[in-house]
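K.L.:
Could you have a look at this structure, given as structure tokens, before my questions?
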Amino acid sequence: MKMSNMLVSTLREVPAEAEIASHKLMLRSGMMRKMAAGIYNYMPLGLKVLKNIEDIVREEMNNAGAQEFLASALIPSELWKESGRWEAYGAEMFRVKDRNERDFCLGPTHEEVFTDIARNEIKSYKQLPVNLYQIQTKYRDERRPRFGIMRSREFVMKDAYSFDKDQLGLDLSYDKMHEAYVKIFNRCGLDAKCVEADSGAIGGSNSAEFMVKSEVGEDDVVFCTSCNYAANIEKAIATPELAEKEELRDLNKVETPNIKTIEDLKNFFNCSNKKMAKTLIYRVDNKVVAVMVRGDREVNETKVANALGEVIELEMANEEIVKNATGAITGFAGPIGIKVDELLVDEEVANMFNFIVGANETGYHMKNVNFKRDFQGKVGDYRNITIGEKCPCCGCEITIARGTEVGHIFKLGTKYSEAMNATFIDEDGKSKPFVMGCYGIGVTRTMASIIEQHNDENGIIWPLSVAPYHVSIIVANIKDEKQVKSAEEIYTNLRSKGIDVLLDDRNERAGVKFKDAELMGIPMRITVGKKIGENQVEFKLRKGGDMEVINTDEIFTKIKKEFLNEGLKVQ
Ligand code: ATP
Ligand code: MG
């Protein structure tokens, strides 16, 4: 491509709306433009990178034995009603009506569609296993679209769905996807770590996320400082800290006027917040649920939802619900005499002695409270693990880092096949539901994440595998005929060898061209300048190192070496 023909405009200024490196750099380098909140148009330069990532994904999915499909993004509501997700998906789903008032949605994901395809096309165990994938645009009306294409309302996802005859088959399909994902992210130059993730009511070690560490990530990832344990905080198992054993003392109601927060209580009772338990009240669909954790702990809402089974909506209760449950204003809730549908007690609280809780009466707390003697509840792990606590695998210290999810692999089991009556005839002649897995990669989010991991103050530094162009050729002085002619020759020659080249033949100062090539992140730069008289050009790598003066006949060898260094093939 010649820059003089290309529709691209780079920006020197950082656009005000962009907060993170990838967002800023994609706008500045002219890779994409915003159309509305969370909705972007991809310009030629950005689209090239997107297609390169898609090609890597496609190749590895095909290598893993998956077959490419393309389903419609417009999906009739009937399919979603069968699985029960037409209601459950809530406000994140873009819903539309056709001219006959029939309901459709713009697919946020495609479990229902692929389960429908399987039930129509697969009749016998002989046709299994099958793994179907597509690379397609998804639509989600995110509550907070932000960070450009990191969390957008329209994005490209690779989604795959595996169908097996039994659990063993699913385990194999899942492992294959796990391997394929490792290869995909490696080839994209992305340092992504596989971590255990929450798999909702299904439970077990049935779900893993591929996370990239990032300060702007919206997930907390727990890592062990010693062993390989890594898990999303939603899932990471918290080990209870056992309190020192004490004789049980008599229950005691204490007047605590205007003392509502844990901090106030600490001062009032002059004790550590490890001696207190908070009782938080939630509205969970049409139930009221109270959750108790130690005073210094945080409730993990995912663990709470999993303990309760199928949950659509979980939120902190409003004042009215609190008043009904406790008979008091917010701040005085406690387990004794509380009127809720369910009381969940974190196992740490169940193991405490003589602790302090709210008295369910405005202005009062209870002292010397003990689980079992004074109240009952369902005991479990309902809290977030915190930095410095024990790893559930080896007992060493854990740490927590922010991360962004780029991929997710999930053993669905028969959740959708049962709901949608998707069955096949097994070897024994019996009709059985497919055992399914689903596997997603955020392709556009991967693109932004690569930039997050590969940039400097001058712009993007693309790994060669996904770069929009491998090489940029810069003509230092466009008025010098010899320079222009030689640059064109090098350009044609490299292109004939399968190298993707961007020839900057614009009538601009060399400095401007250098800056643009750096901003766009083209991995190799060849400058054709005055030395072309002696058949020499300048060669420079975007990722660093010195500029070299080389002979024109060395150019291809130089480039080839870079390809080989990155494990890539060239003709
Ligand atoms: P998140 O927790 O970030 O919202 P999710 O759990 O909703 O992600 P999945 O439904 O598993 O995501 O979707 C598969 C992949 O699609 C994710 O791993 C992520 O890379 C990508 N993805 C999800 N939502 C968005 C979005 N709004 N913008 C860009 N990519 C997204
Ligand atoms: Mg989401």
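Going through the structure tokens in order, the chains are called A, B, and so on, while each chain numbers its residues from 1 and the ligands are numbered from 1 in the order shown.
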Which residues come within 8 Å of range 440-446 of chain A, counting only C-alpha atoms, excluding same-chain residues fewer than 6 positions away, as an NGL selection string?

P.N.:
:A and (50 or 53-54 or 149-151 or 155-160 or 406-409)

K.L.:
Using the selection just defined, write its residues with N, CA and C atoms as a PDB file, in the first residue's frame.

P.N.:
ATOM      1  N   LEU A  50      -7.129  -6.437  12.747  1.00  0.00           N
ATOM      2  CA  LEU A  50      -8.244  -7.295  13.165  1.00  0.00           C
ATOM      3  C   LEU A  50      -8.268  -8.577  12.324  1.00  0.00           C
ATOM      4  N   ILE A  53      -5.488 -10.988  13.303  1.00  0.00           N
ATOM      5  CA  ILE A  53      -5.805 -11.732  14.536  1.00  0.00           C
ATOM      6  C   ILE A  53      -6.830 -12.816  14.209  1.00  0.00           C
ATOM      7  N   GLU A  54      -7.828 -12.450  13.429  1.00  0.00           N
ATOM      8  CA  GLU A  54      -8.842 -13.443  13.041  1.00  0.00           C
ATOM      9  C   GLU A  54      -8.213 -14.627  12.326  1.00  0.00           C
ATOM     10  N   ILE A 149     -12.407  -0.211  22.409  1.00  0.00           N
ATOM     11  CA  ILE A 149     -12.943  -1.530  22.071  1.00  0.00           C
ATOM     12  C   ILE A 149     -12.674  -2.577  23.158  1.00  0.00           C
ATOM     13  N   MET A 150     -12.146  -2.148  24.302  1.00  0.00           N
ATOM     14  CA  MET A 150     -11.991  -3.086  25.425  1.00  0.00           C
ATOM     15  C   MET A 150     -13.363  -3.518  25.936  1.00  0.00           C
ATOM     16  N   ARG A 151     -14.224  -2.547  26.115  1.00  0.00           N
ATOM     17  CA  ARG A 151     -15.604  -2.863  26.494  1.00  0.00           C
ATOM     18  C   ARG A 151     -16.517  -2.007  25.636  1.00  0.00           C
ATOM     19  N   PHE A 155     -18.838  -5.708  19.185  1.00  0.00           N
ATOM     20  CA  PHE A 155     -17.460  -6.217  19.160  1.00  0.00           C
ATOM     21  C   PHE A 155     -17.397  -7.553  18.431  1.00  0.00           C
ATOM     22  N   VAL A 156     -16.186  -7.905  18.025  1.00  0.00           N
ATOM     23  CA  VAL A 156     -16.024  -9.167  17.304  1.00  0.00           C
ATOM     24  C   VAL A 156     -15.615 -10.250  18.303  1.00  0.00           C
ATOM     25  N   MET A 157     -16.339 -11.362  18.257  1.00  0.00           N
ATOM     26  CA  MET A 157     -16.014 -12.480  19.136  1.00  0.00           C
ATOM     27  C   MET A 157     -15.828 -13.730  18.290  1.00  0.00           C
ATOM     28  N   LYS A 158     -14.909 -14.570  18.707  1.00  0.00           N
ATOM     29  CA  LYS A 158     -14.870 -15.927  18.162  1.00  0.00           C
ATOM     30  C   LYS A 158     -15.605 -16.751  19.198  1.00  0.00           C
ATOM     31  N   ASP A 159     -16.701 -17.367  18.798  1.00  0.00           N
ATOM     32  CA  ASP A 159     -17.385 -18.230  19.755  1.00  0.00           C
ATOM     33  C   ASP A 159     -17.514 -19.626  19.166  1.00  0.00           C
ATOM     34  N   ALA A 160     -17.206 -20.604  20.010  1.00  0.00           N
ATOM     35  CA  ALA A 160     -17.248 -22.003  19.572  1.00  0.00           C
ATOM     36  C   ALA A 160     -18.106 -22.794  20.541  1.00  0.00           C
ATOM     37  N   VAL A 406      -9.642 -11.994  28.133  1.00  0.00           N
ATOM     38  CA  VAL A 406      -9.649 -12.002  26.666  1.00  0.00           C
ATOM     39  C   VAL A 406     -10.308 -13.267  26.119  1.00  0.00           C
ATOM     40  N   GLY A 407     -10.341 -14.311  26.925  1.00  0.00           N
ATOM     41  CA  GLY A 407     -10.979 -15.544  26.457  1.00  0.00           C
ATOM     42  C   GLY A 407     -11.579 -16.312  27.612  1.00  0.00           C
ATOM     43  N   HIS A 408     -12.511 -17.188  27.275  1.00  0.00           N
ATOM     44  CA  HIS A 408     -13.225 -17.928  28.317  1.00  0.00           C
ATOM     45  C   HIS A 408     -13.565 -19.308  27.759  1.00  0.00           C
ATOM     46  N   ILE A 409     -13.230 -20.354  28.477  1.00  0.00           N
ATOM     47  CA  ILE A 409     -13.639 -21.696  28.070  1.00  0.00           C
ATOM     48  C   ILE A 409     -14.491 -22.287  29.182  1.00  0.00           C
TER      49      ILE A 409
END

K.L.:
Met93 in chain A: which residues within 7 Å, counting only C-alpha atoms, same-chain residues fewer than 3 positions away excluded, as a list in words?

P.N.:
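Once the adjacent positions are removed, what remains is Tyr89, Gly90, Cys105, Pro108, Arg140 and Asp141 of chain A.
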
K.L.:
Neighbouring residues of range 361-378 of chain A were defined as those with any atom within 7 Å, considering only C-alpha atoms; residues of the same chain fewer than 6 positions away were excluded. Please report them as an NGL selection string.

P.N.:
:A and (249-258 or 326-329 or 332 or 335-336 or 343-345 or 350 or 353-355)

K.L.:
Could you pull out the strand (DSSP E or B) residues of range 341-475 of chain A from DSSP and send them as a PyMOL selection string?

P.N.:
chain A and resi 342-346+355-358+364-369+371+375+378-380+383+390+397-413+423-425+431-433+435-442+455-456+459-460+471-475

K.L.:
Hey, could you make a per-residue contact list for range 113-142 of chain A against range 413-417 of chain A with 10 Å as the cut-off, showing the nearest pair of atoms and its distance in Å to one decimal, counting only C-alpha atoms, sorted by chain and number, as a tab-separated table?

P.N.:
residue	atom	partner	partner_atom	distance
A:Phe114	CA	A:Tyr416	CA	9.9
A:Thr115	CA	A:Ser417	CA	6.4
A:Asp116	CA	A:Ser417	CA	8.8
A:Ala118	CA	A:Ser417	CA	9.2
A:Arg119	CA	A:Ser417	CA	8.3

K.L.:
So, with only C-alpha atoms as the atoms that count, which of A:Phe269, A:Ala419, A:Glu508, A:Asn535 lies closest to Glu82 in chain A?

P.N.:
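Using only C-alpha atoms, the shortest distance to Glu82 in chain A belongs to A:Ala419.
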
K.L.:
Neighbours of Glu538 in chain A within 9 Å (only C-alpha atoms; same-chain residues fewer than 4 positions away dropped), as a list in words?

P.N.:
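The filter keeps Arg525, Ile526, Thr527, Val528, Gly529, Lys531, Met547, Glu548, Val549, Ile550 and Asn551 of chain A.
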
K.L.:
Could you save those same residues with all heavy atoms as a JSON list (two decimals), in the first residue's frame?

P.N.:
[["chain", "number", "residue", "atom", "x", "y", "z"],
["A", 525, "ARG", "N", 11.51, -0.58, 9.64],
["A", 525, "ARG", "CA", 11.48, 0.64, 8.83],
["A", 525, "ARG", "C", 12.72, 0.71, 7.95],
["A", 525, "ARG", "O", 13.83, 0.52, 8.42],
["A", 525, "ARG", "CB", 11.46, 1.85, 9.77],
["A", 525, "ARG", "CG", 11.28, 3.17, 9.06],
["A", 525, "ARG", "CD", 11.22, 4.29, 10.06],
["A", 525, "ARG", "NE", 12.56, 4.74, 10.43],
["A", 525, "ARG", "CZ", 12.82, 5.46, 11.51],
["A", 525, "ARG", "NH1", 11.87, 5.80, 12.36],
["A", 525, "ARG", "NH2", 14.05, 5.84, 11.75],
["A", 526, "ILE", "N", 12.46, 0.97, 6.66],
["A", 526, "ILE", "CA", 13.58, 1.17, 5.73],
["A", 526, "ILE", "C", 13.50, 2.60, 5.24],
["A", 526, "ILE", "O", 12.44, 3.04, 4.76],
["A", 526, "ILE", "CB", 13.46, 0.19, 4.54],
["A", 526, "ILE", "CG1", 13.67, -1.24, 5.02],
["A", 526, "ILE", "CG2", 14.47, 0.55, 3.45],
["A", 526, "ILE", "CD1", 13.25, -2.28, 4.02],
["A", 527, "THR", "N", 14.58, 3.34, 5.39],
["A", 527, "THR", "CA", 14.57, 4.72, 4.91],
["A", 527, "THR", "C", 15.47, 4.83, 3.68],
["A", 527, "THR", "O", 16.64, 4.47, 3.72],
["A", 527, "THR", "CB", 15.06, 5.68, 6.00],
["A", 527, "THR", "OG1", 14.34, 5.38, 7.20],
["A", 527, "THR", "CG2", 14.85, 7.13, 5.61],
["A", 528, "VAL", "N", 14.85, 5.28, 2.60],
["A", 528, "VAL", "CA", 15.61, 5.48, 1.37],
["A", 528, "VAL", "C", 15.95, 6.97, 1.30],
["A", 528, "VAL", "O", 15.07, 7.81, 1.14],
["A", 528, "VAL", "CB", 14.79, 5.05, 0.13],
["A", 528, "VAL", "CG1", 15.61, 5.22, -1.13],
["A", 528, "VAL", "CG2", 14.30, 3.61, 0.28],
["A", 529, "GLY", "N", 17.24, 7.27, 1.48],
["A", 529, "GLY", "CA", 17.67, 8.67, 1.51],
["A", 529, "GLY", "C", 18.84, 8.91, 0.58],
["A", 529, "GLY", "O", 18.99, 8.20, -0.44],
["A", 531, "LYS", "N", 21.90, 8.15, 0.72],
["A", 531, "LYS", "CA", 22.89, 7.08, 0.52],
["A", 531, "LYS", "C", 22.48, 6.09, -0.56],
["A", 531, "LYS", "O", 23.22, 5.17, -0.89],
["A", 531, "LYS", "CB", 23.11, 6.32, 1.84],
["A", 531, "LYS", "CG", 23.83, 7.13, 2.90],
["A", 531, "LYS", "CD", 24.59, 6.19, 3.84],
["A", 531, "LYS", "CE", 25.38, 6.98, 4.86],
["A", 531, "LYS", "NZ", 24.56, 7.44, 5.98],
["A", 547, "MET", "N", 19.87, 2.09, 14.61],
["A", 547, "MET", "CA", 19.61, 2.18, 13.18],
["A", 547, "MET", "C", 20.85, 1.64, 12.47],
["A", 547, "MET", "O", 21.98, 1.93, 12.88],
["A", 547, "MET", "CB", 19.36, 3.65, 12.84],
["A", 547, "MET", "CG", 18.85, 3.89, 11.47],
["A", 547, "MET", "SD", 20.19, 4.29, 10.40],
["A", 547, "MET", "CE", 20.57, 5.95, 10.96],
["A", 548, "GLU", "N", 20.66, 0.83, 11.43],
["A", 548, "GLU", "CA", 21.80, 0.28, 10.70],
["A", 548, "GLU", "C", 21.78, 0.77, 9.26],
["A", 548, "GLU", "O", 20.71, 0.92, 8.68],
["A", 548, "GLU", "CB", 21.70, -1.24, 10.63],
["A", 548, "GLU", "CG", 21.98, -1.97, 11.92],
["A", 548, "GLU", "CD", 21.79, -3.46, 11.72],
["A", 548, "GLU", "OE1", 22.65, -4.09, 11.08],
["A", 548, "GLU", "OE2", 20.75, -3.98, 12.17],
["A", 549, "VAL", "N", 22.95, 0.95, 8.70],
["A", 549, "VAL", "CA", 23.01, 1.25, 7.27],
["A", 549, "VAL", "C", 23.35, -0.06, 6.56],
["A", 549, "VAL", "O", 24.33, -0.71, 6.90],
["A", 549, "VAL", "CB", 24.09, 2.32, 6.98],
["A", 549, "VAL", "CG1", 24.23, 2.54, 5.47],
["A", 549, "VAL", "CG2", 23.72, 3.62, 7.69],
["A", 550, "ILE", "N", 22.50, -0.46, 5.64],
["A", 550, "ILE", "CA", 22.73, -1.74, 4.96],
["A", 550, "ILE", "C", 22.65, -1.57, 3.45],
["A", 550, "ILE", "O", 22.09, -0.59, 2.96],
["A", 550, "ILE", "CB", 21.72, -2.84, 5.41],
["A", 550, "ILE", "CG1", 20.28, -2.42, 5.09],
["A", 550, "ILE", "CG2", 21.88, -3.17, 6.88],
["A", 550, "ILE", "CD1", 19.26, -3.54, 5.30],
["A", 551, "ASN", "N", 23.19, -2.54, 2.75],
["A", 551, "ASN", "CA", 23.10, -2.53, 1.28],
["A", 551, "ASN", "C", 21.70, -2.97, 0.86],
["A", 551, "ASN", "O", 21.08, -3.78, 1.54],
["A", 551, "ASN", "CB", 24.12, -3.48, 0.69],
["A", 551, "ASN", "CG", 25.44, -2.78, 0.48],
["A", 551, "ASN", "OD1", 25.48, -1.59, 0.15],
["A", 551, "ASN", "ND2", 26.53, -3.50, 0.71]]

K.L.:
Would you please extract all alpha helix (DSSP H) residues from range 315-468 of chain A, as assigned by DSSP on the backbone, and give them as a ChimeraX atom specification?

P.N.:
/A:319-326,347-350,415-419,443-453

K.L.:
So that I can see what lies close to range 498-500 of chain A, please list as a VMD selection string the residues with an atom at most 6 Å from it, counting only C-alpha atoms and leaving out residues fewer than 2 positions away in the same chain.

P.N.:
chain A and resid 469 to 470 494 to 496

K.L.:
Out of A:Gly533, A:Gly337, A:Gly295, A:Pro44, which residue has the shortest atom-to-atom distance to Lys275 in chain A when counting only C-alpha atoms?

P.N.:
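Going through A:Gly533, A:Gly337, A:Gly295, A:Pro44 one by one, the smallest distance to Lys275 in chain A is for A:Gly295.
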